[in-house]
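Colleague: Below are the structure tokens for one structure; questions will follow.
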Amino acid sequence: LTNTNAEGIPIQSRLANIAAFWSNTVERLPNATACVYGGARHTFGQVDAVVARLAGYLRDECGVGKGDRVAIALPNSGVLPAYWAAMRL
């Protein structure tokens, strides 16, 4: 592992866990590229908006809460937001 990402932006290595890393990155770099899929660039802010909607759905409509297990069965394109949504609960 390196101390910078592919765009040369420093990565803070002292974060408590990966969920904190995600939140910190969204706050600091909302317009930075989080992923590229099908030729389209998606920023951390855009992905986080999808994550927030999915986490709300899981919590409010499905009754999923912190500590519950969540199975993710999606094509690769849907895994990133689903993973972060489950972590956000």
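Labels used: A, B, ... for chains in the order of the structure tokens, numbers from 1 for residues in each chain, and numbers from 1 for ligands as shown.
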I need the alpha helix (DSSP H) residues of segment 32-81 of chain A per DSSP on the backbone, written as a list in words.
Modeller: Phe44, Gly45, Gln46, Val47, Asp48, Ala49, Val50, Val51, Ala52, Arg53, Leu54, Ala55, Gly56, Tyr57, Leu58, Arg59, Asp60, Asn76, Ser77, Gly78, Val79, Leu80 and Pro81 of chain A
Colleague: Once you count only C-alpha atoms, what closest atom pair and distance in Å to one decimal does each residue of segment 34-64 of chain A within 6 Å of segment 78-86 of chain A have, with rows by chain and rising residue number, as JSON lines?
Modeller:
{"residue": "A:Val51", "atom": "CA", "partner": "A:Ala85", "partner_atom": "CA", "distance": 4.8}
{"residue": "A:Leu54", "atom": "CA", "partner": "A:Ala85", "partner_atom": "CA", "distance": 5.9}
{"residue": "A:Ala55", "atom": "CA", "partner": "A:Ala85", "partner_atom": "CA", "distance": 4.5}
Colleague: Residues of segment 2-88 of chain A classed as strand (DSSP E) by DSSP on the backbone are to be reported as a PDB file with N, CA, C and O atoms, in the first residue's frame.
Modeller:
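Result written to out23.pdb:
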ATOM      1  N   THR A  33     -12.717  11.559  -8.168  1.00  0.00           N
ATOM      2  CA  THR A  33     -13.239  10.336  -8.768  1.00  0.00           C
ATOM      3  C   THR A  33     -13.192   9.179  -7.778  1.00  0.00           C
ATOM      4  O   THR A  33     -12.144   8.859  -7.238  1.00  0.00           O
ATOM      5  N   ALA A  34     -14.342   8.573  -7.548  1.00  0.00           N
ATOM      6  CA  ALA A  34     -14.441   7.394  -6.682  1.00  0.00           C
ATOM      7  C   ALA A  34     -14.318   6.128  -7.521  1.00  0.00           C
ATOM      8  O   ALA A  34     -13.701   5.154  -7.105  1.00  0.00           O
ATOM      9  N   CYS A  35     -14.945   6.134  -8.716  1.00  0.00           N
ATOM     10  CA  CYS A  35     -14.882   4.975  -9.595  1.00  0.00           C
ATOM     11  C   CYS A  35     -15.229   5.391 -11.019  1.00  0.00           C
ATOM     12  O   CYS A  35     -15.826   6.440 -11.244  1.00  0.00           O
ATOM     13  N   VAL A  36     -14.838   4.553 -11.950  1.00  0.00           N
ATOM     14  CA  VAL A  36     -15.181   4.738 -13.356  1.00  0.00           C
ATOM     15  C   VAL A  36     -15.824   3.443 -13.808  1.00  0.00           C
ATOM     16  O   VAL A  36     -15.258   2.358 -13.613  1.00  0.00           O
ATOM     17  N   TYR A  37     -17.012   3.542 -14.379  1.00  0.00           N
ATOM     18  CA  TYR A  37     -17.709   2.346 -14.841  1.00  0.00           C
ATOM     19  C   TYR A  37     -18.363   2.657 -16.183  1.00  0.00           C
ATOM     20  O   TYR A  37     -19.052   3.664 -16.305  1.00  0.00           O
ATOM     21  N   ALA A  40     -18.022   6.119 -17.632  1.00  0.00           N
ATOM     22  CA  ALA A  40     -18.555   7.258 -16.873  1.00  0.00           C
ATOM     23  C   ALA A  40     -17.801   7.403 -15.554  1.00  0.00           C
ATOM     24  O   ALA A  40     -17.564   6.424 -14.858  1.00  0.00           O
ATOM     25  N   ARG A  41     -17.441   8.642 -15.228  1.00  0.00           N
ATOM     26  CA  ARG A  41     -16.742   8.964 -13.985  1.00  0.00           C
ATOM     27  C   ARG A  41     -17.773   9.281 -12.917  1.00  0.00           C
ATOM     28  O   ARG A  41     -18.716  10.024 -13.157  1.00  0.00           O
ATOM     29  N   HIS A  42     -17.601   8.702 -11.733  1.00  0.00           N
ATOM     30  CA  HIS A  42     -18.513   8.937 -10.612  1.00  0.00           C
ATOM     31  C   HIS A  42     -17.706   9.471  -9.435  1.00  0.00           C
ATOM     32  O   HIS A  42     -16.730   8.847  -9.017  1.00  0.00           O
ATOM     33  N   THR A  43     -18.115  10.609  -8.906  1.00  0.00           N
ATOM     34  CA  THR A  43     -17.383  11.222  -7.805  1.00  0.00           C
ATOM     35  C   THR A  43     -17.771  10.585  -6.477  1.00  0.00           C
ATOM     36  O   THR A  43     -18.797   9.899  -6.373  1.00  0.00           O
TER      37      THR A  43
END
Colleague: Quote the spacing between atom CA of Val50 of chain A and atom CA of Asp68 of chain A in Å to one decimal place.
Modeller: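 We find that atom CA of Val50 of chain A and atom CA of Asp68 of chain A lie 20.3 Å from each other.
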Colleague: Quick one: distance from atom CA of Arg88 of chain A to atom CA of Ser23 of chain A in Å, one decimal?
Modeller: 9.2 Å
Colleague: Pick the closest to Leu89 of chain A from A:Arg59, A:Arg53, A:Arg69, A:Arg28: which is it, counting only C-alpha atoms?
Modeller: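 Among A:Arg59, A:Arg53, A:Arg69, A:Arg28, it is A:Arg59 that comes nearest to Leu89 of chain A.
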Colleague: With a distance cut-off of 9 Å and only C-alpha atoms, select the neighbouring residues of Pro30 of chain A, excluding the residue or stretch itself and same-chain residues fewer than 3 positions from it, and output the selection as a PDB file with N, CA, C and O atoms, in the first residue's frame.
Modeller:
ATOM      1  N   THR A  25     -13.168  10.596   3.323  1.00  0.00           N
ATOM      2  CA  THR A  25     -12.858  10.884   1.926  1.00  0.00           C
ATOM      3  C   THR A  25     -13.987  11.669   1.267  1.00  0.00           C
ATOM      4  O   THR A  25     -13.735  12.621   0.526  1.00  0.00           O
ATOM      5  N   VAL A  26     -15.226  11.297   1.535  1.00  0.00           N
ATOM      6  CA  VAL A  26     -16.371  12.014   0.964  1.00  0.00           C
ATOM      7  C   VAL A  26     -16.373  13.464   1.444  1.00  0.00           C
ATOM      8  O   VAL A  26     -16.608  14.380   0.649  1.00  0.00           O
ATOM      9  N   GLU A  27     -16.088  13.678   2.726  1.00  0.00           N
ATOM     10  CA  GLU A  27     -16.062  15.039   3.267  1.00  0.00           C
ATOM     11  C   GLU A  27     -14.935  15.871   2.652  1.00  0.00           C
ATOM     12  O   GLU A  27     -15.140  17.038   2.323  1.00  0.00           O
ATOM     13  N   THR A  33     -12.717  11.559  -8.168  1.00  0.00           N
ATOM     14  CA  THR A  33     -13.239  10.336  -8.768  1.00  0.00           C
ATOM     15  C   THR A  33     -13.192   9.179  -7.778  1.00  0.00           C
ATOM     16  O   THR A  33     -12.144   8.859  -7.238  1.00  0.00           O
ATOM     17  N   ALA A  34     -14.342   8.573  -7.548  1.00  0.00           N
ATOM     18  CA  ALA A  34     -14.441   7.394  -6.682  1.00  0.00           C
ATOM     19  C   ALA A  34     -14.318   6.128  -7.521  1.00  0.00           C
ATOM     20  O   ALA A  34     -13.701   5.154  -7.105  1.00  0.00           O
ATOM     21  N   THR A  43     -18.115  10.609  -8.906  1.00  0.00           N
ATOM     22  CA  THR A  43     -17.383  11.222  -7.805  1.00  0.00           C
ATOM     23  C   THR A  43     -17.771  10.585  -6.477  1.00  0.00           C
ATOM     24  O   THR A  43     -18.797   9.899  -6.373  1.00  0.00           O
ATOM     25  N   PHE A  44     -16.966  10.856  -5.450  1.00  0.00           N
ATOM     26  CA  PHE A  44     -17.301  10.366  -4.112  1.00  0.00           C
ATOM     27  C   PHE A  44     -18.648  10.926  -3.672  1.00  0.00           C
ATOM     28  O   PHE A  44     -19.443  10.234  -3.039  1.00  0.00           O
ATOM     29  N   GLY A  45     -18.925  12.178  -3.980  1.00  0.00           N
ATOM     30  CA  GLY A  45     -20.206  12.785  -3.614  1.00  0.00           C
ATOM     31  C   GLY A  45     -21.377  12.099  -4.285  1.00  0.00           C
ATOM     32  O   GLY A  45     -22.410  11.845  -3.651  1.00  0.00           O
ATOM     33  N   GLN A  46     -21.247  11.778  -5.572  1.00  0.00           N
ATOM     34  CA  GLN A  46     -22.313  11.093  -6.293  1.00  0.00           C
ATOM     35  C   GLN A  46     -22.543   9.694  -5.743  1.00  0.00           C
ATOM     36  O   GLN A  46     -23.691   9.283  -5.516  1.00  0.00           O
ATOM     37  N   ASP A  48     -21.762   8.624  -2.793  1.00  0.00           N
ATOM     38  CA  ASP A  48     -22.276   8.725  -1.431  1.00  0.00           C
ATOM     39  C   ASP A  48     -23.766   9.040  -1.409  1.00  0.00           C
ATOM     40  O   ASP A  48     -24.485   8.568  -0.519  1.00  0.00           O
TER      41      ASP A  48
END
Colleague: Find the distance between atom CA of Ala20 of chain A and atom CA of Gly67 of chain A and write it in Å to one decimal.
Modeller: 16.2 Å
